[in-house]
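Colleague: Encoded as structure tokens, here's the structure I'll be asking about.
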Amino acid sequence: MEPIVFIGMMGAGKTTVGRAYAARHGLAFIDSDQELEARTGVSIPTIFAVEGEAGFRERETRLLAELLGREDIVLATGGGVVLRPENRAQLRRRGIVVYLHVPPEVLWERLRHDRHRPLLQVPQPRQRIFELYAQRDPLYREAADIVVDGGRMKPAAMLARVEDAVRGYLSGRGERAVIAQGEGDA
Ligand SMILES: Nc1ncnc2c1ncn2[C@@H]1O[C@H](COP(=O)(O)OP(=O)(O)O)[C@@H](O)[C@H]1O
Ligand SMILES: O=C(O)C1=C[C@@H](OP(=O)(O)O)[C@@H](O)[C@H](O)C1
Ligand SMILES: [Mg+2]
């Protein structure tokens, strides 16, 4: 099966929910940012500091193309992966793409003390989240096969919604209904 790919804003729960989804379904989990950190040996903030956002985006695009070629993985992307049209096209071509949609005020509650996201190290981080949301929400919707709405819900509740949505999506694709049944029973 092609990769199940989580997209959405910083703090939407891509890493948290993606890892849990993979564990429940016996799939390998890869987080794009963690993979970049493992390969470069430095943190995401350090990549931004040394190469700028442009350097980070180059690495992100190359890695996305590579990982979308794999089978039977769950991929958590970084929030900015949809910025490049070529990435959106790749996502649409290959991958079951799940947009975790979380409103910006909830994202802010989760991220206000976070120091690991370089784009939020600005004087007005709350405003920045709202701006990024306004810019990116249409791009996530463009790239997604499935949109899952979340708000102030625990990761387990979000995971349950994702499982329902993916199962429904797969069962609408003919032969994949068999796979979806198996996953649902797991
Ligand atoms: N459903 C949720 N409810 C509350 N906190 C969450 C939820 N999902 C994730 N979090 C927390 O929000 C932060 C960001 O989650 P993360 O999975 O890293 O998001 P992303 O990878 O989309 O940026 C983490 O501290 C995580 O523990
Ligand atoms: O939104 C973004 O542009 C970014 C999101 C981060 O990932 P998360 O969405 O997992 O926080 C990480 O890729 C980098 O800091 C840039
Ligand atoms: Mg993440």
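For the structure tokens, the naming scheme is as follows: chains receive sequential letters (A, B, ...) according to their order of presentation, residues are indexed from 1 within each chain, and ligands are indexed from 1 in presentation order.
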Show me, as a VMD selection string, the residues that have an atom within 12 Å of Pro85 in chain A when counting only C-alpha atoms, minus same-chain residues fewer than 4 positions from it.
Modeller: chain A and resid 61 80 to 81 89 to 92 139 to 140 142 to 143
Colleague: List all protein, DNA and RNA residues that have at least one atom no more than 7 Å from any atom of ligand 2, counting only C-alpha atoms and all ligand atoms, and write them as a PyMOL selection string.
Modeller: chain A and resi 8-11+14-15+33+44+77-81+117-119
Colleague: Measuring between only C-alpha atoms and all ligand atoms, which one of A:Arg161, A:Lys154, A:Arg19, A:Arg39 shows the shortest distance to ligand 3?
Modeller: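 Selected residue with least distance to ligand 3: A:Arg19.
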Colleague: What residues in range 3-186 of chain A get the DSSP label strand (DSSP E)? Please answer as a JSON list (two decimals) with N, CA and C atoms, in the first residue's frame.
Modeller:
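Output (out_34.json):
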```json
[["chain", "number", "residue", "atom", "x", "y", "z"],
["A", 4, "ILE", "N", 0.66, 6.35, 4.03],
["A", 4, "ILE", "CA", -0.35, 7.19, 4.64],
["A", 4, "ILE", "C", 0.40, 8.41, 5.19],
["A", 5, "VAL", "N", 0.03, 9.58, 4.70],
["A", 5, "VAL", "CA", 0.82, 10.78, 4.97],
["A", 5, "VAL", "C", -0.01, 11.79, 5.75],
["A", 6, "PHE", "N", 0.52, 12.22, 6.89],
["A", 6, "PHE", "CA", -0.16, 13.24, 7.69],
["A", 6, "PHE", "C", 0.40, 14.61, 7.36],
["A", 7, "ILE", "N", -0.52, 15.53, 7.05],
["A", 7, "ILE", "CA", -0.15, 16.92, 6.82],
["A", 7, "ILE", "C", -0.98, 17.81, 7.75],
["A", 28, "ALA", "N", 5.47, 0.81, 9.49],
["A", 28, "ALA", "CA", 6.65, 1.57, 9.90],
["A", 28, "ALA", "C", 6.28, 3.05, 9.96],
["A", 29, "PHE", "N", 6.82, 3.76, 10.95],
["A", 29, "PHE", "CA", 6.55, 5.19, 11.09],
["A", 29, "PHE", "C", 7.81, 5.99, 10.80],
["A", 30, "ILE", "N", 7.66, 7.00, 9.96],
["A", 30, "ILE", "CA", 8.77, 7.92, 9.70],
["A", 30, "ILE", "C", 8.27, 9.34, 9.87],
["A", 31, "ASP", "N", 8.97, 10.11, 10.69],
["A", 31, "ASP", "CA", 8.69, 11.54, 10.82],
["A", 31, "ASP", "C", 9.74, 12.28, 10.01],
["A", 73, "ILE", "N", 4.27, 2.51, 4.81],
["A", 73, "ILE", "CA", 4.77, 3.37, 5.88],
["A", 73, "ILE", "C", 3.70, 4.42, 6.21],
["A", 74, "VAL", "N", 3.84, 4.95, 7.42],
["A", 74, "VAL", "CA", 3.09, 6.14, 7.82],
["A", 74, "VAL", "C", 4.11, 7.26, 7.90],
["A", 75, "LEU", "N", 3.83, 8.36, 7.24],
["A", 75, "LEU", "CA", 4.76, 9.48, 7.18],
["A", 75, "LEU", "C", 4.14, 10.72, 7.81],
["A", 76, "ALA", "N", 4.81, 11.26, 8.83],
["A", 76, "ALA", "CA", 4.42, 12.56, 9.37],
["A", 76, "ALA", "C", 5.32, 13.61, 8.74],
["A", 96, "ILE", "N", -1.80, 8.38, 0.61],
["A", 96, "ILE", "CA", -3.14, 8.62, 1.13],
["A", 96, "ILE", "C", -2.95, 9.75, 2.12],
["A", 97, "VAL", "N", -3.39, 10.95, 1.75],
["A", 97, "VAL", "CA", -2.96, 12.16, 2.46],
["A", 97, "VAL", "C", -4.05, 12.62, 3.41],
["A", 98, "VAL", "N", -3.71, 12.66, 4.69],
["A", 98, "VAL", "CA", -4.66, 13.00, 5.75],
["A", 98, "VAL", "C", -4.30, 14.37, 6.34],
["A", 99, "TYR", "N", -5.20, 15.32, 6.16],
["A", 99, "TYR", "CA", -5.00, 16.65, 6.75],
["A", 99, "TYR", "C", -5.62, 16.67, 8.15],
["A", 100, "LEU", "N", -4.79, 16.86, 9.15],
["A", 100, "LEU", "CA", -5.28, 17.05, 10.52],
["A", 100, "LEU", "C", -5.58, 18.53, 10.68],
["A", 101, "HIS", "N", -6.86, 18.85, 10.66],
["A", 101, "HIS", "CA", -7.26, 20.26, 10.72],
["A", 101, "HIS", "C", -7.58, 20.64, 12.16],
["A", 146, "ILE", "N", -8.14, 13.28, 2.54],
["A", 146, "ILE", "CA", -9.03, 13.15, 3.69],
["A", 146, "ILE", "C", -8.76, 14.34, 4.61],
["A", 147, "VAL", "N", -9.83, 14.99, 5.08],
["A", 147, "VAL", "CA", -9.67, 16.05, 6.08],
["A", 147, "VAL", "C", -10.31, 15.57, 7.38],
["A", 148, "VAL", "N", -9.53, 15.58, 8.46],
["A", 148, "VAL", "CA", -10.06, 15.19, 9.77],
["A", 148, "VAL", "C", -10.05, 16.41, 10.67],
["A", 149, "ASP", "N", -11.24, 16.79, 11.16],
["A", 149, "ASP", "CA", -11.34, 17.96, 12.02],
["A", 149, "ASP", "C", -11.06, 17.58, 13.46]]
```
Colleague: Between A:Gly52, A:Pro155, A:Gly18, A:Gly26, which has the minimum distance to ligand 1 (counting only C-alpha atoms and all ligand atoms)?
Modeller: A:Pro155
Colleague: CA of Arg93 in chain A to CA of Ser32 in chain A: how many Å, to one decimal?
Modeller: 18.3 Å
Colleague: Please report, as a short mmCIF file (atom, residue, chain, number, x, y, z; two decimals) with N, CA and C atoms, in the first residue's frame, each residue of chain A to which DSSP assigns alpha helix (DSSP H) when run on this structure's backbone.
Modeller:
```cif
data_model
loop_
_atom_site.label_atom_id
_atom_site.label_comp_id
_atom_site.auth_asym_id
_atom_site.auth_seq_id
_atom_site.Cartn_x
_atom_site.Cartn_y
_atom_site.Cartn_z
N LYS A 14 0.55 15.72 13.95
CA LYS A 14 1.00 14.80 12.90
C LYS A 14 1.96 13.75 13.45
N THR A 15 2.94 14.22 14.22
CA THR A 15 3.93 13.30 14.78
C THR A 15 3.28 12.36 15.80
N THR A 16 2.46 12.92 16.69
CA THR A 16 1.85 12.15 17.78
C THR A 16 0.84 11.14 17.23
N VAL A 17 -0.08 11.61 16.40
CA VAL A 17 -1.15 10.75 15.89
C VAL A 17 -0.60 9.80 14.82
N GLY A 18 0.33 10.29 14.01
CA GLY A 18 0.94 9.44 12.99
C GLY A 18 1.65 8.25 13.60
N ARG A 19 2.41 8.49 14.65
CA ARG A 19 3.13 7.39 15.29
C ARG A 19 2.14 6.37 15.88
N ALA A 20 1.09 6.87 16.51
CA ALA A 20 0.09 5.98 17.11
C ALA A 20 -0.65 5.18 16.03
N TYR A 21 -0.95 5.83 14.92
CA TYR A 21 -1.64 5.13 13.82
C TYR A 21 -0.75 3.99 13.31
N ALA A 22 0.52 4.29 13.10
CA ALA A 22 1.45 3.27 12.59
C ALA A 22 1.55 2.09 13.56
N ALA A 23 1.65 2.39 14.85
CA ALA A 23 1.79 1.33 15.85
C ALA A 23 0.56 0.42 15.83
N ARG A 24 -0.60 1.01 15.75
CA ARG A 24 -1.85 0.21 15.76
C ARG A 24 -2.01 -0.65 14.53
N HIS A 25 -1.42 -0.22 13.43
CA HIS A 25 -1.64 -0.94 12.17
C HIS A 25 -0.41 -1.70 11.71
N SER A 32 9.29 13.09 9.07
CA SER A 32 10.20 13.77 8.16
C SER A 32 11.27 14.58 8.91
N ASP A 33 10.84 15.34 9.91
CA ASP A 33 11.81 16.17 10.64
C ASP A 33 12.81 15.32 11.42
N GLN A 34 12.31 14.26 12.05
CA GLN A 34 13.22 13.39 12.81
C GLN A 34 14.19 12.68 11.89
N GLU A 35 13.72 12.34 10.68
CA GLU A 35 14.60 11.70 9.70
C GLU A 35 15.70 12.67 9.24
N LEU A 36 15.30 13.93 9.02
CA LEU A 36 16.31 14.93 8.64
C LEU A 36 17.33 15.13 9.76
N GLU A 37 16.85 15.14 11.00
CA GLU A 37 17.77 15.30 12.13
C GLU A 37 18.71 14.11 12.22
N ALA A 38 18.17 12.91 11.99
CA ALA A 38 19.03 11.72 12.07
C ALA A 38 20.09 11.74 10.96
N ARG A 39 19.67 12.16 9.77
CA ARG A 39 20.60 12.13 8.64
C ARG A 39 21.66 13.22 8.71
N THR A 40 21.27 14.38 9.20
CA THR A 40 22.24 15.48 9.26
C THR A 40 23.03 15.46 10.56
N ILE A 44 16.52 20.47 13.89
CA ILE A 44 15.82 21.32 12.91
C ILE A 44 16.19 22.80 13.12
N PRO A 45 16.15 23.32 14.36
CA PRO A 45 16.56 24.73 14.53
C PRO A 45 17.98 25.00 14.01
N THR A 46 18.87 24.02 14.15
CA THR A 46 20.24 24.22 13.66
C THR A 46 20.27 24.25 12.13
N ILE A 47 19.48 23.38 11.49
CA ILE A 47 19.42 23.41 10.02
C ILE A 47 18.93 24.80 9.56
N PHE A 48 17.89 25.30 10.21
CA PHE A 48 17.39 26.64 9.87
C PHE A 48 18.48 27.69 10.09
N ALA A 49 19.20 27.58 11.20
CA ALA A 49 20.21 28.60 11.53
C ALA A 49 21.36 28.57 10.52
N VAL A 50 21.75 27.39 10.08
CA VAL A 50 22.93 27.27 9.20
C VAL A 50 22.56 27.49 7.74
N GLU A 51 21.44 26.90 7.30
CA GLU A 51 21.11 26.90 5.87
C GLU A 51 19.93 27.80 5.53
N GLY A 52 19.31 28.36 6.55
CA GLY A 52 18.11 29.16 6.32
C GLY A 52 16.91 28.27 6.01
N GLU A 53 15.74 28.91 5.95
CA GLU A 53 14.54 28.12 5.62
C GLU A 53 14.68 27.51 4.23
N ALA A 54 15.34 28.24 3.30
CA ALA A 54 15.46 27.73 1.93
C ALA A 54 16.22 26.40 1.91
N GLY A 55 17.30 26.31 2.68
CA GLY A 55 18.07 25.07 2.73
C GLY A 55 17.25 23.94 3.32
N PHE A 56 16.51 24.26 4.38
CA PHE A 56 15.64 23.25 4.99
C PHE A 56 14.61 22.75 3.98
N ARG A 57 13.99 23.67 3.23
CA ARG A 57 12.94 23.27 2.27
C ARG A 57 13.49 22.37 1.16
N GLU A 58 14.73 22.63 0.75
CA GLU A 58 15.37 21.75 -0.24
C GLU A 58 15.47 20.33 0.28
N ARG A 59 15.99 20.22 1.49
CA ARG A 59 16.14 18.89 2.10
C ARG A 59 14.79 18.21 2.26
N GLU A 60 13.80 19.00 2.68
CA GLU A 60 12.46 18.46 2.92
C GLU A 60 11.86 17.91 1.61
N THR A 61 12.03 18.64 0.51
CA THR A 61 11.49 18.22 -0.78
C THR A 61 12.15 16.93 -1.26
N ARG A 62 13.48 16.87 -1.13
CA ARG A 62 14.19 15.66 -1.56
C ARG A 62 13.74 14.45 -0.76
N LEU A 63 13.63 14.65 0.56
CA LEU A 63 13.23 13.54 1.43
C LEU A 63 11.80 13.09 1.13
N LEU A 64 10.92 14.06 0.91
CA LEU A 64 9.52 13.70 0.60
C LEU A 64 9.47 12.82 -0.64
N ALA A 65 10.16 13.22 -1.69
CA ALA A 65 10.14 12.43 -2.94
C ALA A 65 10.64 11.02 -2.69
N GLU A 66 11.68 10.91 -1.88
CA GLU A 66 12.22 9.58 -1.58
C GLU A 66 11.21 8.74 -0.80
N LEU A 67 10.64 9.33 0.25
CA LEU A 67 9.79 8.54 1.15
C LEU A 67 8.45 8.18 0.50
N PRO A 85 4.56 23.95 -4.67
CA PRO A 85 3.61 23.26 -5.57
C PRO A 85 4.08 21.86 -5.95
N GLU A 86 5.40 21.68 -6.13
CA GLU A 86 5.88 20.36 -6.54
C GLU A 86 5.63 19.33 -5.43
N ASN A 87 5.72 19.76 -4.18
CA ASN A 87 5.43 18.83 -3.08
C ASN A 87 3.94 18.47 -3.06
N ARG A 88 3.11 19.47 -3.29
CA ARG A 88 1.66 19.18 -3.30
C ARG A 88 1.33 18.21 -4.43
N ALA A 89 1.98 18.41 -5.56
CA ALA A 89 1.73 17.51 -6.70
C ALA A 89 2.19 16.09 -6.36
N GLN A 90 3.34 15.97 -5.74
CA GLN A 90 3.84 14.64 -5.33
C GLN A 90 2.87 13.97 -4.37
N LEU A 91 2.35 14.76 -3.42
CA LEU A 91 1.42 14.21 -2.43
C LEU A 91 0.14 13.74 -3.10
N ARG A 92 -0.32 14.50 -4.08
CA ARG A 92 -1.56 14.12 -4.75
C ARG A 92 -1.36 12.87 -5.60
N ARG A 93 -0.14 12.75 -6.15
CA ARG A 93 0.14 11.61 -7.02
C ARG A 93 0.27 10.31 -6.23
N PRO A 104 -6.47 27.53 14.80
CA PRO A 104 -5.24 28.16 15.27
C PRO A 104 -5.22 28.47 16.77
N GLU A 105 -6.40 28.76 17.37
CA GLU A 105 -6.32 29.06 18.82
C GLU A 105 -5.92 27.83 19.61
N VAL A 106 -6.30 26.62 19.14
CA VAL A 106 -5.90 25.38 19.83
C VAL A 106 -4.41 25.11 19.58
N LEU A 107 -3.96 25.38 18.37
CA LEU A 107 -2.53 25.21 18.06
C LEU A 107 -1.70 26.09 18.99
N TRP A 108 -2.14 27.30 19.18
CA TRP A 108 -1.40 28.23 20.03
C TRP A 108 -1.32 27.71 21.47
N GLU A 109 -2.42 27.17 21.97
CA GLU A 109 -2.40 26.62 23.34
C GLU A 109 -1.35 25.52 23.46
N ARG A 110 -1.21 24.72 22.40
CA ARG A 110 -0.25 23.61 22.46
C ARG A 110 1.19 24.07 22.30
N LEU A 111 1.40 25.14 21.54
CA LEU A 111 2.76 25.48 21.11
C LEU A 111 3.36 26.67 21.85
N PRO A 125 4.48 35.26 18.30
CA PRO A 125 4.26 33.89 17.79
C PRO A 125 2.79 33.54 17.60
N ARG A 126 1.92 34.07 18.46
CA ARG A 126 0.49 33.75 18.32
C ARG A 126 -0.04 34.26 16.98
N GLN A 127 0.31 35.52 16.70
CA GLN A 127 -0.11 36.11 15.42
C GLN A 127 0.46 35.32 14.24
N ARG A 128 1.69 34.86 14.40
CA ARG A 128 2.35 34.09 13.34
C ARG A 128 1.58 32.81 13.03
N ILE A 129 1.10 32.13 14.08
CA ILE A 129 0.32 30.91 13.86
C ILE A 129 -0.95 31.22 13.07
N PHE A 130 -1.61 32.31 13.43
CA PHE A 130 -2.84 32.67 12.70
C PHE A 130 -2.54 33.01 11.24
N GLU A 131 -1.43 33.70 11.00
CA GLU A 131 -1.05 34.03 9.62
C GLU A 131 -0.71 32.77 8.82
N LEU A 132 0.08 31.90 9.44
CA LEU A 132 0.46 30.67 8.74
C LEU A 132 -0.78 29.83 8.44
N TYR A 133 -1.70 29.79 9.41
CA TYR A 133 -2.94 29.03 9.20
C TYR A 133 -3.72 29.58 8.00
N ALA A 134 -3.85 30.91 7.95
CA ALA A 134 -4.62 31.52 6.85
C ALA A 134 -3.96 31.23 5.50
N GLN A 135 -2.63 31.26 5.49
CA GLN A 135 -1.91 30.99 4.24
C GLN A 135 -2.00 29.52 3.84
N ARG A 136 -1.90 28.64 4.82
CA ARG A 136 -1.70 27.23 4.50
C ARG A 136 -2.95 26.39 4.45
N ASP A 137 -3.99 26.78 5.16
CA ASP A 137 -5.19 25.92 5.21
C ASP A 137 -5.67 25.54 3.79
N PRO A 138 -5.73 26.50 2.85
CA PRO A 138 -6.16 26.11 1.49
C PRO A 138 -5.18 25.14 0.82
N LEU A 139 -3.90 25.26 1.15
CA LEU A 139 -2.90 24.38 0.53
C LEU A 139 -3.02 22.96 1.06
N TYR A 140 -3.28 22.84 2.37
CA TYR A 140 -3.49 21.50 2.94
C TYR A 140 -4.72 20.85 2.28
N ARG A 141 -5.77 21.64 2.12
CA ARG A 141 -7.00 21.08 1.54
C ARG A 141 -6.77 20.65 0.10
N GLU A 142 -5.94 21.42 -0.61
CA GLU A 142 -5.63 21.08 -2.00
C GLU A 142 -4.89 19.74 -2.09
N ALA A 143 -4.00 19.50 -1.13
CA ALA A 143 -3.16 18.30 -1.20
C ALA A 143 -3.82 17.06 -0.59
N PRO A 155 -5.19 13.00 21.92
CA PRO A 155 -4.66 12.28 20.76
C PRO A 155 -5.43 10.99 20.45
N ALA A 156 -5.86 10.26 21.49
CA ALA A 156 -6.58 9.00 21.24
C ALA A 156 -7.89 9.25 20.51
N ALA A 157 -8.57 10.33 20.84
CA ALA A 157 -9.84 10.64 20.17
C ALA A 157 -9.59 11.06 18.72
N MET A 158 -8.51 11.80 18.53
CA MET A 158 -8.14 12.21 17.17
C MET A 158 -7.78 10.97 16.34
N LEU A 159 -7.05 10.06 16.96
CA LEU A 159 -6.66 8.83 16.27
C LEU A 159 -7.91 8.05 15.84
N ALA A 160 -8.89 7.96 16.72
CA ALA A 160 -10.13 7.23 16.39
C ALA A 160 -10.81 7.88 15.18
N ARG A 161 -10.83 9.19 15.14
CA ARG A 161 -11.43 9.88 13.99
C ARG A 161 -10.67 9.58 12.71
N VAL A 162 -9.34 9.59 12.84
CA VAL A 162 -8.51 9.31 11.66
C VAL A 162 -8.79 7.90 11.16
N GLU A 163 -8.87 6.95 12.08
CA GLU A 163 -9.09 5.56 11.67
C GLU A 163 -10.43 5.41 10.94
N ASP A 164 -11.46 6.03 11.47
CA ASP A 164 -12.77 5.99 10.80
C ASP A 164 -12.67 6.58 9.39
N ALA A 165 -12.00 7.71 9.31
CA ALA A 165 -11.93 8.43 8.03
C ALA A 165 -11.13 7.63 7.00
N VAL A 166 -10.01 7.06 7.42
CA VAL A 166 -9.17 6.30 6.47
C VAL A 166 -9.90 5.04 6.04
N ARG A 167 -10.54 4.38 6.98
CA ARG A 167 -11.29 3.17 6.65
C ARG A 167 -12.38 3.49 5.63
N GLY A 168 -13.09 4.58 5.86
CA GLY A 168 -14.15 4.97 4.93
C GLY A 168 -13.57 5.30 3.56
N TYR A 169 -12.47 5.99 3.56
CA TYR A 169 -11.84 6.37 2.29
C TYR A 169 -11.39 5.13 1.52
N LEU A 170 -10.73 4.21 2.21
CA LEU A 170 -10.22 3.02 1.54
C LEU A 170 -11.36 2.13 1.05
N SER A 171 -12.43 2.06 1.81
CA SER A 171 -13.52 1.17 1.40
C SER A 171 -14.23 1.72 0.18
N ARG A 176 -9.41 -1.99 -2.24
CA ARG A 176 -8.76 -1.62 -0.99
C ARG A 176 -9.65 -1.84 0.22
N ALA A 177 -10.95 -2.08 -0.04
CA ALA A 177 -11.86 -2.34 1.07
C ALA A 177 -11.37 -3.52 1.89
N VAL A 178 -10.75 -4.50 1.25
CA VAL A 178 -10.25 -5.69 1.95
C VAL A 178 -9.17 -5.28 2.94
N ILE A 179 -8.26 -4.44 2.47
CA ILE A 179 -7.19 -3.95 3.34
C ILE A 179 -7.79 -3.18 4.51
N ALA A 180 -8.77 -2.33 4.21
CA ALA A 180 -9.36 -1.51 5.26
C ALA A 180 -10.01 -2.38 6.33
N GLN A 181 -10.68 -3.47 5.93
CA GLN A 181 -11.31 -4.36 6.90
C GLN A 181 -10.26 -4.94 7.83
N GLY A 182 -9.17 -5.41 7.24
CA GLY A 182 -8.11 -6.01 8.05
C GLY A 182 -7.55 -5.03 9.04
N GLU A 183 -7.33 -3.82 8.59
CA GLU A 183 -6.78 -2.81 9.49
C GLU A 183 -7.77 -2.52 10.60
N GLY A 184 -9.05 -2.44 10.25
CA GLY A 184 -10.04 -2.13 11.27
C GLY A 184 -10.11 -3.18 12.36
N ASP A 185 -9.81 -4.44 11.99
CA ASP A 185 -9.89 -5.52 12.97
C ASP A 185 -8.67 -5.55 13.88
#
```
Colleague: Suppose you want the space between atom 24 (C, counted along the ligand's line) of ligand 1 and CA of Leu120 in chain A; what is it in Å?
Modeller: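 Going from atom 24 (C, counted along the ligand's line) of ligand 1 over to CA of Leu120 in chain A, I get 14.3 Å.
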